[in-house]
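Asker: Data file model_24.txt (compact mmCIF, C-alpha atoms) is appended below.
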```txt
# COMPACT_ATOMS: atom_id res chain seq x y z
CA MET A 1 26.17 61.29 30.72
CA ARG A 2 24.37 62.81 27.73
CA LEU A 3 22.06 60.42 25.90
CA ALA A 4 22.23 61.00 22.17
CA LEU A 5 19.04 60.33 20.20
CA SER A 6 18.64 61.16 16.54
CA ALA A 7 15.36 61.84 14.78
CA GLY A 8 15.33 58.31 13.37
CA THR A 9 16.03 56.47 16.62
CA LYS A 10 13.31 53.97 17.53
CA ILE A 11 12.45 52.79 21.03
CA PRO A 12 12.09 48.97 21.34
CA VAL A 13 8.45 47.95 21.66
CA GLY A 14 7.15 44.95 23.60
CA GLU A 15 9.06 41.91 24.70
CA GLY A 16 9.87 40.77 21.18
CA GLY A 17 11.06 44.16 19.97
CA LYS A 18 9.98 46.18 16.96
CA GLN A 19 10.44 43.56 14.22
CA LYS A 20 8.36 40.94 16.00
CA LEU A 21 5.59 43.41 16.72
CA GLN A 22 5.52 44.73 13.14
CA LYS A 23 5.10 41.15 11.84
CA GLN A 24 2.30 40.53 14.31
CA VAL A 25 0.65 43.83 13.36
CA LEU A 26 0.69 42.74 9.68
CA ASP A 27 -0.59 39.22 10.43
CA SER A 28 -3.31 40.53 12.73
CA SER A 29 -4.34 43.17 10.22
CA ASN A 30 -4.75 40.57 7.45
CA HIS A 31 -6.75 38.30 9.76
CA PHE A 32 -8.95 41.21 10.84
CA LYS A 33 -9.71 42.31 7.27
CA ASP A 34 -10.93 38.78 6.48
CA SER A 35 -13.53 39.11 9.26
CA GLN A 36 -14.62 42.71 8.63
CA LYS A 37 -17.72 41.68 6.72
CA ALA A 38 -19.00 39.83 9.77
CA ASP A 39 -18.07 42.75 12.03
CA LYS A 40 -20.18 45.19 10.02
CA ASN A 41 -23.24 43.04 10.63
CA LEU A 42 -22.88 43.21 14.39
CA GLU A 43 -25.57 45.35 15.96
CA ALA A 44 -23.44 46.48 18.89
CA PRO A 45 -19.86 47.66 18.29
CA ILE A 46 -17.16 45.81 20.19
CA ALA A 47 -14.88 48.20 22.07
CA LEU A 48 -11.68 47.54 24.00
CA SER A 49 -10.60 49.41 27.13
CA ILE A 50 -6.85 49.21 27.65
CA GLY A 51 -6.77 49.67 31.39
CA GLY A 52 -9.58 49.19 33.88
CA GLY A 53 -8.77 51.89 36.43
CA MET A 54 -10.51 55.05 37.59
CA GLU A 55 -9.46 57.07 34.53
CA GLN A 56 -10.89 54.44 32.17
CA LEU A 57 -14.12 53.88 34.16
CA PRO A 58 -16.12 56.85 32.73
CA PHE A 59 -15.32 55.74 29.17
CA ILE A 60 -16.26 52.13 29.90
CA LYS A 61 -19.57 53.22 31.43
CA ALA A 62 -20.34 55.61 28.57
CA ALA A 63 -19.70 52.91 25.97
CA VAL A 64 -21.85 50.37 27.83
CA GLU A 65 -24.64 52.95 28.14
CA LYS A 66 -24.47 53.43 24.35
CA GLY A 67 -25.16 49.71 24.01
CA TRP A 68 -21.61 48.79 23.01
CA ASN A 69 -19.94 45.57 24.12
CA VAL A 70 -16.86 46.58 26.12
CA ILE A 71 -13.89 44.31 26.78
CA ALA A 72 -11.54 45.59 29.49
CA VAL A 73 -7.98 44.45 30.11
CA ASP A 74 -5.90 45.27 33.16
CA GLN A 75 -3.25 43.46 35.18
CA ASP A 76 -5.43 44.01 38.25
CA GLU A 77 -8.52 41.85 37.81
CA ASN A 78 -10.17 43.77 40.66
CA ALA A 79 -9.63 47.20 39.08
CA VAL A 80 -12.77 49.32 39.41
CA GLY A 81 -13.50 49.49 35.68
CA MET A 82 -13.27 45.74 35.13
CA LYS A 83 -16.61 45.14 36.83
CA SER A 84 -18.41 47.67 34.63
CA ALA A 85 -17.23 46.15 31.34
CA THR A 86 -19.15 43.51 29.39
CA GLU A 87 -16.11 41.23 29.61
CA SER A 88 -12.79 41.61 31.41
CA TYR A 89 -9.44 39.85 31.22
CA PRO A 90 -6.48 40.13 33.64
CA ILE A 91 -3.81 41.00 31.06
CA ASN A 92 -0.83 43.25 31.67
CA ILE A 93 -1.26 46.13 29.19
CA VAL A 94 2.53 46.27 28.80
CA ASN A 95 2.23 43.03 26.83
CA GLN A 96 1.20 44.37 23.43
CA GLU A 97 1.29 40.99 21.72
CA GLU A 98 -1.17 39.44 24.17
CA VAL A 99 -3.54 42.42 23.96
CA ILE A 100 -3.43 42.36 20.14
CA ASP A 101 -4.15 38.63 20.16
CA LEU A 102 -7.22 39.12 22.38
CA ALA A 103 -8.45 42.08 20.32
CA THR A 104 -8.08 40.07 17.11
CA ARG A 105 -9.94 37.04 18.49
CA LYS A 106 -12.73 39.21 19.88
CA GLN A 107 -12.95 41.20 16.62
CA VAL A 108 -12.60 44.53 18.42
CA GLN A 109 -13.77 47.49 16.34
CA PHE A 110 -12.73 50.40 18.54
CA VAL A 111 -10.29 51.18 21.36
CA LEU A 112 -11.64 53.60 23.96
CA PRO A 113 -9.62 56.88 23.90
CA SER A 114 -9.50 57.19 27.69
CA PRO A 115 -6.68 58.88 29.64
CA ILE A 116 -3.63 56.63 29.83
CA GLY A 117 0.07 57.26 30.33
CA ARG A 118 3.10 55.63 28.76
CA TYR A 119 1.19 52.60 27.55
CA LEU A 120 -0.77 54.64 25.06
CA THR A 121 1.62 52.67 22.83
CA THR A 122 -0.51 49.57 23.44
CA VAL A 123 -3.57 51.49 22.24
CA GLY A 124 -1.63 52.47 19.12
CA ALA A 125 -0.40 48.92 18.58
CA VAL A 126 -3.96 47.51 18.62
CA ASN A 127 -5.29 50.25 16.34
CA THR A 128 -2.49 49.67 13.84
CA ALA A 129 -2.79 45.88 13.99
CA LEU A 130 -6.54 45.88 13.40
CA GLY A 131 -6.72 48.92 11.11
CA LEU A 132 -8.93 50.87 13.53
CA ASN A 133 -9.61 54.58 13.83
CA GLY A 134 -7.62 56.29 16.56
CA VAL A 135 -3.98 56.87 17.39
CA SER A 136 -1.49 54.74 15.47
CA LEU A 137 1.48 52.91 16.97
CA GLU A 138 3.99 55.37 15.52
CA GLN A 139 2.01 58.41 16.67
CA ALA A 140 1.72 56.94 20.17
CA GLU A 141 5.43 56.12 20.37
CA ILE A 142 6.37 59.67 19.45
CA SER A 143 3.93 61.42 21.78
CA VAL A 144 4.74 59.44 24.96
CA ASP A 145 8.48 59.99 24.60
CA LYS A 146 9.24 63.66 25.29
CA VAL A 147 12.62 63.42 23.53
CA ARG A 148 11.22 61.93 20.36
CA TYR A 149 8.34 64.39 20.42
CA ASN A 150 10.64 67.38 20.83
CA THR A 151 12.80 66.11 17.96
CA PHE A 152 9.68 65.55 15.84
CA LEU A 153 8.40 69.09 16.45
CA LYS A 154 11.74 70.65 15.58
CA ALA A 155 11.99 68.56 12.40
CA HIS A 156 8.63 69.98 11.30
CA THR A 157 9.46 73.56 12.39
CA ILE A 158 6.84 73.63 15.14
CA ALA A 159 8.01 75.83 18.01
CA CYS A 160 9.03 73.98 21.21
CA ALA A 161 11.53 74.30 24.07
CA ASN A 162 15.28 73.69 23.83
CA GLN A 163 15.97 70.35 25.48
CA ILE A 164 18.81 68.18 26.76
CA CYS A 165 18.34 64.54 27.82
CA VAL A 166 20.72 63.16 30.46
CA ARG A 167 20.92 60.61 33.26
CA GLY A 168 22.33 61.08 36.76
CA LYS A 169 22.86 64.07 39.09
CA GLU A 170 26.20 65.21 37.70
CA ALA A 171 24.91 65.22 34.13
CA ILE A 172 21.78 67.08 35.23
CA ARG A 173 23.85 69.81 36.92
CA SER A 174 25.97 70.20 33.80
CA ALA A 175 22.93 70.36 31.51
CA ILE A 176 21.28 73.01 33.72
CA HIS A 177 24.24 75.32 33.23
CA GLU A 178 24.26 74.59 29.50
CA ILE A 179 20.55 75.43 29.10
CA GLY A 180 20.77 78.36 31.51
CA PHE A 181 18.43 79.82 34.14
CA PRO A 182 15.50 79.60 34.43
CA CYS A 183 14.99 76.04 33.26
CA ILE A 184 12.69 73.14 34.05
CA LEU A 185 13.52 69.56 35.07
CA LYS A 186 11.12 66.77 34.11
CA PRO A 187 11.18 63.01 33.49
CA ARG A 188 11.47 61.76 29.93
CA PHE A 189 8.35 59.64 30.33
CA GLY A 190 5.26 60.08 32.46
CA SER A 191 2.62 62.69 33.27
CA GLY A 192 0.97 64.30 36.27
CA SER A 193 3.88 66.71 36.97
CA ARG A 194 5.79 64.07 38.94
CA GLY A 195 9.40 65.17 39.31
CA VAL A 196 8.77 68.47 37.50
CA VAL A 197 10.72 71.32 39.11
CA VAL A 198 11.71 74.80 37.94
CA VAL A 199 15.29 75.93 38.63
CA THR A 200 15.36 79.71 38.82
CA ASP A 201 18.97 80.36 39.85
CA ALA A 202 22.23 78.81 41.08
CA ALA A 203 21.22 79.20 44.72
CA THR A 204 18.26 76.83 44.35
CA CYS A 205 19.87 74.48 41.84
CA GLU A 206 21.00 71.71 44.17
CA LEU A 207 17.73 71.57 46.09
CA CYS A 208 15.75 71.40 42.83
CA VAL A 209 17.93 68.58 41.48
CA GLN A 210 17.30 66.59 44.67
CA GLU A 211 13.57 67.30 44.47
CA HIS A 212 13.48 66.15 40.84
CA MET A 213 15.40 62.95 41.58
CA PHE A 214 13.05 62.17 44.47
CA GLY A 215 10.01 62.69 42.24
CA VAL A 216 11.26 60.30 39.55
CA GLY A 217 12.52 57.72 42.04
CA GLY A 218 16.16 58.41 41.22
CA GLU A 219 15.97 56.44 37.97
CA GLY A 220 15.50 56.97 34.26
CA ASP A 221 16.29 59.79 31.89
CA SER A 222 15.89 63.41 32.91
CA LEU A 223 15.08 66.33 30.64
CA ILE A 224 16.35 69.85 31.12
CA GLU A 225 14.38 72.37 29.09
CA SER A 226 14.41 76.12 28.70
CA LEU A 227 11.53 77.64 30.66
CA LEU A 228 9.02 79.16 28.29
CA SER A 229 7.38 82.50 28.98
CA GLY A 230 3.84 83.63 28.39
CA GLU A 231 0.45 82.19 29.38
CA GLU A 232 0.16 78.41 29.67
CA HIS A 233 -2.97 76.78 28.25
CA GLY A 234 -4.41 73.32 27.85
CA LEU A 235 -6.06 72.28 24.60
CA ASP A 236 -8.54 69.51 23.79
CA VAL A 237 -8.76 68.82 20.07
CA LEU A 238 -10.22 66.20 17.73
CA PHE A 239 -8.65 65.35 14.38
CA VAL A 240 -11.41 64.10 12.07
CA SER A 241 -10.92 63.46 8.35
CA GLY A 242 -7.50 65.06 8.69
CA LYS A 243 -8.81 68.36 10.08
CA PRO A 244 -8.43 69.71 13.64
CA TYR A 245 -11.58 70.61 15.60
CA ILE A 246 -10.96 72.43 18.87
CA MET A 247 -13.25 71.33 21.69
CA ALA A 248 -11.80 73.53 24.41
CA LEU A 249 -8.97 75.96 25.09
CA ARG A 250 -8.24 76.25 28.82
CA LYS A 251 -6.17 78.95 30.51
CA LYS A 252 -4.16 77.37 33.34
CA TYR A 253 -3.55 78.48 36.90
CA ILE A 254 -0.31 77.03 38.25
CA THR A 255 1.28 76.49 41.68
CA PRO A 256 3.99 78.91 42.79
CA LEU A 257 7.53 77.95 41.79
CA PRO A 258 9.45 75.69 41.96
CA TYR A 259 6.57 73.37 41.05
CA ARG A 260 4.37 73.59 37.96
CA GLN A 261 1.23 71.71 38.90
CA GLU A 262 -2.06 72.89 37.46
CA LEU A 263 -4.52 74.08 40.11
CA GLY A 264 -7.24 75.42 37.87
CA TYR A 265 -8.53 76.02 34.36
CA ILE A 266 -10.70 78.70 32.81
CA SER A 267 -12.30 78.13 29.40
CA VAL A 268 -11.32 80.82 26.90
CA SER A 269 -12.39 81.49 23.33
CA HIS A 270 -10.32 80.13 20.45
CA GLU A 271 -12.43 81.75 17.74
CA GLY A 272 -10.31 83.73 15.35
CA ASN A 273 -7.04 82.47 16.84
CA GLN A 274 -5.29 81.95 13.54
CA VAL A 275 -1.91 81.28 15.16
CA LEU A 276 -3.35 78.30 17.02
CA HIS A 277 -5.31 76.95 14.06
CA ARG A 278 -2.32 77.15 11.73
CA MET A 279 -0.14 75.27 14.22
CA LEU A 280 -2.75 72.49 14.58
CA GLU A 281 -3.10 72.14 10.81
CA LYS A 282 0.68 71.87 10.54
CA LEU A 283 0.79 69.29 13.34
CA ALA A 284 -2.01 67.23 11.75
CA LYS A 285 -0.14 67.14 8.45
CA ALA A 286 3.17 66.25 10.13
CA PHE A 287 1.66 63.33 12.06
CA GLY A 288 -0.69 62.27 9.27
CA VAL A 289 -3.27 62.00 12.02
CA ASN A 290 -6.85 61.12 11.23
CA ASN A 291 -9.76 60.32 13.55
CA ALA A 292 -8.04 60.72 16.91
CA VAL A 293 -8.23 62.91 20.01
CA MET A 294 -5.35 64.89 21.50
CA HIS A 295 -4.77 66.94 24.61
CA MET A 296 -1.95 69.46 24.52
CA ASP A 297 -0.08 71.86 26.78
CA LEU A 298 1.18 75.04 25.15
CA PHE A 299 2.29 78.63 25.72
CA PHE A 300 1.03 81.73 23.98
CA SER A 301 3.41 84.67 23.85
CA GLU A 302 2.35 87.70 25.86
CA GLU A 303 1.21 89.41 22.67
CA GLY A 304 -0.56 86.24 21.50
CA GLN A 305 1.35 86.34 18.21
CA SER A 306 3.07 82.98 18.63
CA VAL A 307 2.38 79.58 20.17
CA THR A 308 4.93 77.12 21.55
CA VAL A 309 4.10 73.47 22.22
CA ILE A 310 5.14 72.00 25.57
CA GLU A 311 3.90 68.45 25.07
CA SER A 312 0.81 66.54 23.97
CA SER A 313 -0.63 63.06 23.84
CA PHE A 314 -3.17 61.28 21.66
CA ARG A 315 -5.69 60.69 24.41
CA SER A 316 -8.43 62.51 26.28
CA SER A 317 -7.58 64.83 29.17
CA GLY A 318 -7.79 63.43 32.67
CA TYR A 319 -8.39 65.07 36.06
CA ALA A 320 -12.17 65.42 35.48
CA ILE A 321 -11.56 67.77 32.53
CA THR A 322 -13.12 65.52 29.88
CA GLU A 323 -15.74 63.96 32.14
CA ARG A 324 -17.03 67.17 33.72
CA MET A 325 -15.66 70.42 32.31
CA LEU A 326 -15.92 69.49 28.63
CA ASP A 327 -19.48 68.27 29.14
CA HIS A 328 -20.52 71.83 29.97
CA ILE A 329 -18.35 73.50 27.34
CA LEU A 330 -19.75 71.27 24.57
CA GLY A 331 -23.28 71.09 25.95
CA THR A 332 -23.32 67.30 25.66
CA SER A 333 -21.47 64.24 26.97
CA ALA A 334 -17.87 64.89 25.94
CA ILE A 335 -16.92 61.23 26.24
CA SER A 336 -19.73 60.08 23.95
CA PHE A 337 -18.98 62.95 21.56
CA ILE A 338 -15.28 61.99 21.32
CA MET A 339 -15.98 58.29 20.90
CA GLU A 340 -18.60 58.89 18.21
CA ALA A 341 -16.34 61.25 16.24
CA ILE A 342 -13.38 58.84 16.24
CA PHE A 343 -15.43 55.68 15.62
CA THR A 344 -17.48 57.08 12.73
CA GLY A 345 -14.92 59.49 11.31
CA CYS A 346 -17.58 62.22 11.32
CA MET A 347 -18.09 65.20 13.63
CA PRO A 348 -21.37 64.84 15.57
CA GLU A 349 -23.60 67.91 15.66
CA LEU A 350 -23.31 69.97 18.83
CA PRO A 351 -26.27 71.67 20.52
CA LYS A 352 -26.42 75.45 20.31
CA LYS A 353 -25.73 77.13 23.65
CA GLU A 354 -25.07 80.55 25.09
CA PRO A 355 -21.36 81.44 25.40
CA VAL A 356 -20.38 81.30 29.07
CA VAL A 357 -17.10 80.73 30.90
CA TYR A 358 -16.34 77.60 32.93
CA GLY A 359 -13.72 77.03 35.59
CA LEU A 360 -12.42 73.84 37.19
CA PHE A 361 -10.34 74.35 40.33
CA PHE A 362 -8.46 72.26 42.87
CA PRO A 363 -8.25 73.99 46.27
CA ASN A 364 -5.11 76.06 46.66
CA LEU A 365 -4.78 75.90 50.45
CA GLN A 366 -1.32 74.37 50.65
CA GLY A 367 0.68 74.78 53.82
CA SER A 368 -2.44 75.34 55.93
CA VAL A 369 -4.29 73.62 58.73
CA ILE A 370 -8.06 73.94 58.37
CA SER A 371 -9.65 75.12 61.62
CA GLU A 372 -13.16 75.91 60.36
CA ILE A 373 -15.26 75.68 57.19
CA LYS A 374 -17.98 78.28 56.70
CA PRO A 375 -21.05 77.60 54.51
CA PHE A 376 -20.37 77.94 50.79
CA PRO A 377 -22.15 80.71 48.88
CA SER A 378 -25.54 79.67 47.53
CA SER A 379 -25.11 79.92 43.77
CA ALA A 380 -26.50 78.14 40.72
CA ASN A 381 -23.09 78.75 39.17
CA ILE A 382 -21.51 76.05 41.37
CA LEU A 383 -21.96 73.14 38.96
CA GLY A 384 -19.97 70.51 40.81
CA ASN A 385 -18.29 70.08 44.17
CA THR A 386 -16.26 67.03 45.21
CA LEU A 387 -14.18 68.82 47.87
CA THR A 388 -13.36 66.52 50.80
CA ILE A 389 -11.46 68.94 53.09
CA ARG A 390 -12.54 68.76 56.75
CA PRO A 391 -11.69 70.78 59.88
CA GLY A 392 -8.38 69.60 61.28
CA ASP A 393 -6.97 68.64 57.87
CA GLU A 394 -3.42 69.71 57.17
CA ILE A 395 -2.95 70.64 53.52
CA THR A 396 0.56 69.75 52.40
CA ILE A 397 2.52 71.39 49.60
CA ILE A 398 1.11 70.53 46.17
CA ARG A 399 3.85 69.08 43.98
CA ASN A 400 1.97 66.97 41.41
CA GLY A 401 -1.41 65.91 40.13
CA THR A 402 -1.97 63.34 42.84
CA ASP A 403 -1.50 66.03 45.51
CA ALA A 404 -3.83 68.43 43.69
CA MET A 405 -6.62 65.92 43.12
CA GLY A 406 -6.38 64.54 46.65
CA HIS A 407 -8.91 67.03 48.05
CA GLY A 408 -11.40 67.13 45.16
CA TYR A 409 -12.45 70.01 42.90
CA VAL A 410 -15.14 72.61 42.23
CA LEU A 411 -16.66 73.26 38.82
CA LEU A 412 -17.96 76.79 38.29
CA ARG A 413 -19.72 78.90 35.67
CA GLY A 414 -19.88 82.64 35.00
CA GLU A 415 -20.48 85.28 32.37
CA ASN A 416 -16.76 86.01 32.20
CA GLU A 417 -13.41 85.03 33.70
CA ALA A 418 -13.57 87.64 36.47
CA GLU A 419 -16.96 86.37 37.64
CA VAL A 420 -15.72 82.76 37.80
CA LEU A 421 -12.58 83.76 39.71
CA GLN A 422 -14.62 85.84 42.15
CA LEU A 423 -16.88 82.87 42.94
CA TYR A 424 -13.85 80.61 43.41
CA GLN A 425 -12.33 83.13 45.84
CA GLU A 426 -15.58 83.23 47.81
CA ILE A 427 -15.41 79.44 48.16
CA ILE A 428 -11.75 79.49 49.22
CA ASP A 429 -12.56 82.20 51.79
CA CYS A 430 -14.94 79.74 53.48
CA TYR A 431 -11.91 77.79 54.69
CA VAL A 432 -10.48 79.32 57.86
CA CYS A 433 -6.80 78.38 58.05
CA THR A 434 -4.21 78.56 60.82
```
Transcribe the structure of this file into structure tokens.

Answerer:
Amino acid sequence: MRLALSAGTKIPVGEGGKQKLQKQVLDSSNHFKDSQKADKNLEAPIALSIGGGMEQLPFIKAAVEKGWNVIAVDQDENAVGMKSATESYPINIVNQEEVIDLATRKQVQFVLPSPIGRYLTTVGAVNTALGLNGVSLEQAEISVDKVRYNTFLKAHTIACANQICVRGKEAIRSAIHEIGFPCILKPRFGSGSRGVVVVTDAATCELCVQEHMFGVGGEGDSLIESLLSGEEHGLDVLFVSGKPYIMALRKKYITPLPYRQELGYISVSHEGNQVLHRMLEKLAKAFGVNNAVMHMDLFFSEEGQSVTVIESSFRSSGYAITERMLDHILGTSAISFIMEAIFTGCMPELPKKEPVVYGLFFPNLQGSVISEIKPFPSSANILGNTLTIRPGDEITIIRNGTDAMGHGYVLLRGENEAEVLQLYQEIIDCYVCT
């Protein structure tokens, strides 16, 4: 069946629904404003980490190292980040009302902008309730729901893919033929390329539908979108005082079809890219966004004269991009830089550095059995290496982010893209496969 959703449709939030949450947001906001005078006298800012897992850990540690008091909440009291926080509470982050109540009582001044999935909405709910810098509840609700986001982009004449939202195999098959080949199947919610499959023709259609249903667990809404053409890029951007500031533009290297998992990134220049800057200014105005971070996936046309948005979210990039790659691109701790910009509403000064190219790669050895590993080239341009592949390992097909990250990554540097790719190839050639 086709699921109809108009531009004004709202998704229920929390256990009590939207009305209950809006009342609590207002009550909490009034209570928080009464205590702001006391908050300003605190020497150490009080920050909240919504989630205490591996993705949140670097942000928790960075905030603690800055001397901030960090309160972490996670349903799993033994989550790795909980032990690094100043205080921790075993709260399910789905429960927005409970998290808001804790944040209000603890007089939280900032929510860490760490990578998080669907429950970015809880981050937005706290920020809106307490009047904090960062993503708002409405902005979070739009960006985590690919249908609402697509509708939002179209309403503001920002280029995006044609999209149909359905549920069930029969409806998916029908929507594929309506959109036409090639098209892409993806879940309505979620990230990490789970259940994302490209359908190139009628011959592969049925197999792709089965693969998609397996990836999403056979439940929930499915999206069928026209497959965009051009070069896919990732973008890390800060919105400060209503203006976009690009931190990094990353050219993507993708798995062979039918999957679309990222296997590598190369930093590329965004200077003088007026098409990109105009789109970001338009997006900032449409969202009314101020003092927040966003990561975005987009396509540039082959001529570079147009840009089409795939999806984006008001959070930092995951998969070691923020923690490692952006550190080198910016020449400073990217996590601290992002937190400082959002918290203060001012862009921190960046150190001057020579323009070089950086690459972050996950090993593309899928479908191989590793028989031998030769010594890696000795190079100062290998900046990081977490590869865990060993002789005898069988590298399965890479379908999603979990598969890609399962064997670690290498972080490289070079004078240009060709030099970085050459060094990566030399590393891959060290793995003898059968």

Asker: For A:Leu137, work out the shell of residues within 8 Å, counting all atoms listed in the file and skipping chain neighbours fewer than 2 positions away, then give it as a short mmCIF file (atom, residue, chain, number, x, y, z; two decimals) with C-alpha atoms, in the coordinates of the input.

Answerer:
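So the final result, stored in part-v6.cif, reads:
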```
data_model
loop_
_atom_site.label_atom_id
_atom_site.label_comp_id
_atom_site.auth_asym_id
_atom_site.auth_seq_id
_atom_site.Cartn_x
_atom_site.Cartn_y
_atom_site.Cartn_z
CA THR A 121 1.62 52.67 22.83
CA THR A 122 -0.51 49.57 23.44
CA VAL A 123 -3.57 51.49 22.24
CA GLY A 124 -1.63 52.47 19.12
CA ALA A 125 -0.40 48.92 18.58
CA VAL A 126 -3.96 47.51 18.62
CA ASN A 127 -5.29 50.25 16.34
CA THR A 128 -2.49 49.67 13.84
CA VAL A 135 -3.98 56.87 17.39
CA GLN A 139 2.01 58.41 16.67
CA ALA A 140 1.72 56.94 20.17
CA GLU A 141 5.43 56.12 20.37
#
```

Asker: Which one of A:Leu387, A:Ile50, A:Ile398, A:Ala292 sits closest to A:Val108 if you count only C-alpha atoms?

Answerer: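 Checking each candidate against A:Val108, we get A:Ile50 as the closest.
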
Asker: Calculated over only C-alpha atoms, which of the candidates A:Gly414, A:Pro187, A:Pro391, A:Gly272 has the smallest distance to A:Gly218?

Answerer: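 Among the listed residues, the smallest separation from A:Gly218 belongs to A:Pro187.
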
Asker: So which one's closest to A:Ala203, A:Ile100, A:Asn92, A:Pro182, A:Ser269? Using only C-alpha atoms, please.

Answerer: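 With only C-alpha atoms as the atom set, the closest residue is A:Pro182.
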
Asker: Between A:Phe287, A:Phe239, A:Tyr253, A:Phe214, which one has atoms that come closest to A:Ile338, using all atoms listed in the file?

Answerer: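 Closest candidate: A:Phe239.
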
Asker: Please provide as a list in words all residues within 8 Å of stretch 193-200 of chain A, with the sequence filter that same-chain residues fewer than 3 positions apart are discarded (counting all atoms listed in the file).

Answerer: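 Non-adjacent residues within range: Phe181, Pro182, Cys183, Ile184, Leu185, Lys186, Pro187, Gly190, Thr204, Cys205, Cys208, Glu211, His212, Met213, Phe214, Gly215, Val216, Leu227, Leu257, Pro258, Tyr259, Arg260, Gln261, Arg399, Asn400 and Gly401 of chain A.
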
Asker: Quote the spacing between atom CA of A:Ile310 and atom CA of A:Gly131 in Å to one decimal place.

Answerer: 29.7 Å

Asker: Would you mind reading off the distance between atom CA of A:Leu421 and atom CA of A:Gly359, one decimal, in Å?

Answerer: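 It comes out at 8.0 Å.
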
Asker: Mind pulling up the distance from atom CA of A:Gln210 to atom CA of A:Glu394?

Answerer: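 Atom-to-atom, atom CA of A:Glu394 and atom CA of A:Gln210 are spaced 24.4 Å apart.
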
Asker: Once 3 Å is added on each side, what are the centre and the three edge lengths, in Å to one decimal, of the axis-aligned box enclosing the listed atoms of stretch 138-156 of chain A? Present them as lines of an AutoDock Vina configuration file.

Answerer:
```
center_x = 7.3
center_y = 63.0
center_z = 18.3
size_x = 17.1
size_y = 21.3
size_z = 20.0
```

Asker: Some atoms are missing, so please complete stretch 169-181 of chain A with N, CA and C atoms and return it as a PDB file, keeping the file's coordinate frame.

Answerer:
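Contents of the output file selection-v8.pdb:
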```pdb
ATOM      1  N   LYS A 169      22.791  62.726  38.503  1.00  0.00           N
ATOM      2  CA  LYS A 169      22.860  64.070  39.090  1.00  0.00           C
ATOM      3  C   LYS A 169      23.927  64.941  38.444  1.00  0.00           C
ATOM      4  N   GLU A 170      25.112  64.396  38.237  1.00  0.00           N
ATOM      5  CA  GLU A 170      26.200  65.210  37.700  1.00  0.00           C
ATOM      6  C   GLU A 170      25.860  65.720  36.295  1.00  0.00           C
ATOM      7  N   ALA A 171      25.283  64.830  35.485  1.00  0.00           N
ATOM      8  CA  ALA A 171      24.910  65.220  34.130  1.00  0.00           C
ATOM      9  C   ALA A 171      23.789  66.249  34.149  1.00  0.00           C
ATOM     10  N   ILE A 172      22.877  66.108  35.108  1.00  0.00           N
ATOM     11  CA  ILE A 172      21.780  67.080  35.230  1.00  0.00           C
ATOM     12  C   ILE A 172      22.335  68.458  35.561  1.00  0.00           C
ATOM     13  N   ARG A 173      23.251  68.524  36.530  1.00  0.00           N
ATOM     14  CA  ARG A 173      23.850  69.810  36.920  1.00  0.00           C
ATOM     15  C   ARG A 173      24.537  70.476  35.726  1.00  0.00           C
ATOM     16  N   SER A 174      25.265  69.671  34.961  1.00  0.00           N
ATOM     17  CA  SER A 174      25.970  70.200  33.800  1.00  0.00           C
ATOM     18  C   SER A 174      24.997  70.725  32.749  1.00  0.00           C
ATOM     19  N   ALA A 175      23.920  69.960  32.517  1.00  0.00           N
ATOM     20  CA  ALA A 175      22.930  70.360  31.510  1.00  0.00           C
ATOM     21  C   ALA A 175      22.191  71.626  31.926  1.00  0.00           C
ATOM     22  N   ILE A 176      21.948  71.797  33.221  1.00  0.00           N
ATOM     23  CA  ILE A 176      21.280  73.010  33.720  1.00  0.00           C
ATOM     24  C   ILE A 176      22.091  74.241  33.341  1.00  0.00           C
ATOM     25  N   HIS A 177      23.386  74.165  33.549  1.00  0.00           N
ATOM     26  CA  HIS A 177      24.240  75.320  33.230  1.00  0.00           C
ATOM     27  C   HIS A 177      24.348  75.529  31.720  1.00  0.00           C
ATOM     28  N   GLU A 178      24.220  74.452  30.952  1.00  0.00           N
ATOM     29  CA  GLU A 178      24.260  74.590  29.500  1.00  0.00           C
ATOM     30  C   GLU A 178      22.978  75.252  28.976  1.00  0.00           C
ATOM     31  N   ILE A 179      21.832  74.837  29.503  1.00  0.00           N
ATOM     32  CA  ILE A 179      20.550  75.430  29.100  1.00  0.00           C
ATOM     33  C   ILE A 179      20.421  76.846  29.624  1.00  0.00           C
ATOM     34  N   GLY A 180      20.845  77.043  30.879  1.00  0.00           N
ATOM     35  CA  GLY A 180      20.770  78.360  31.510  1.00  0.00           C
ATOM     36  C   GLY A 180      19.536  78.510  32.379  1.00  0.00           C
ATOM     37  N   PHE A 181      19.547  79.532  33.240  1.00  0.00           N
ATOM     38  CA  PHE A 181      18.430  79.820  34.140  1.00  0.00           C
ATOM     39  C   PHE A 181      17.480  80.835  33.489  1.00  0.00           C
TER      40      PHE A 181
END
```
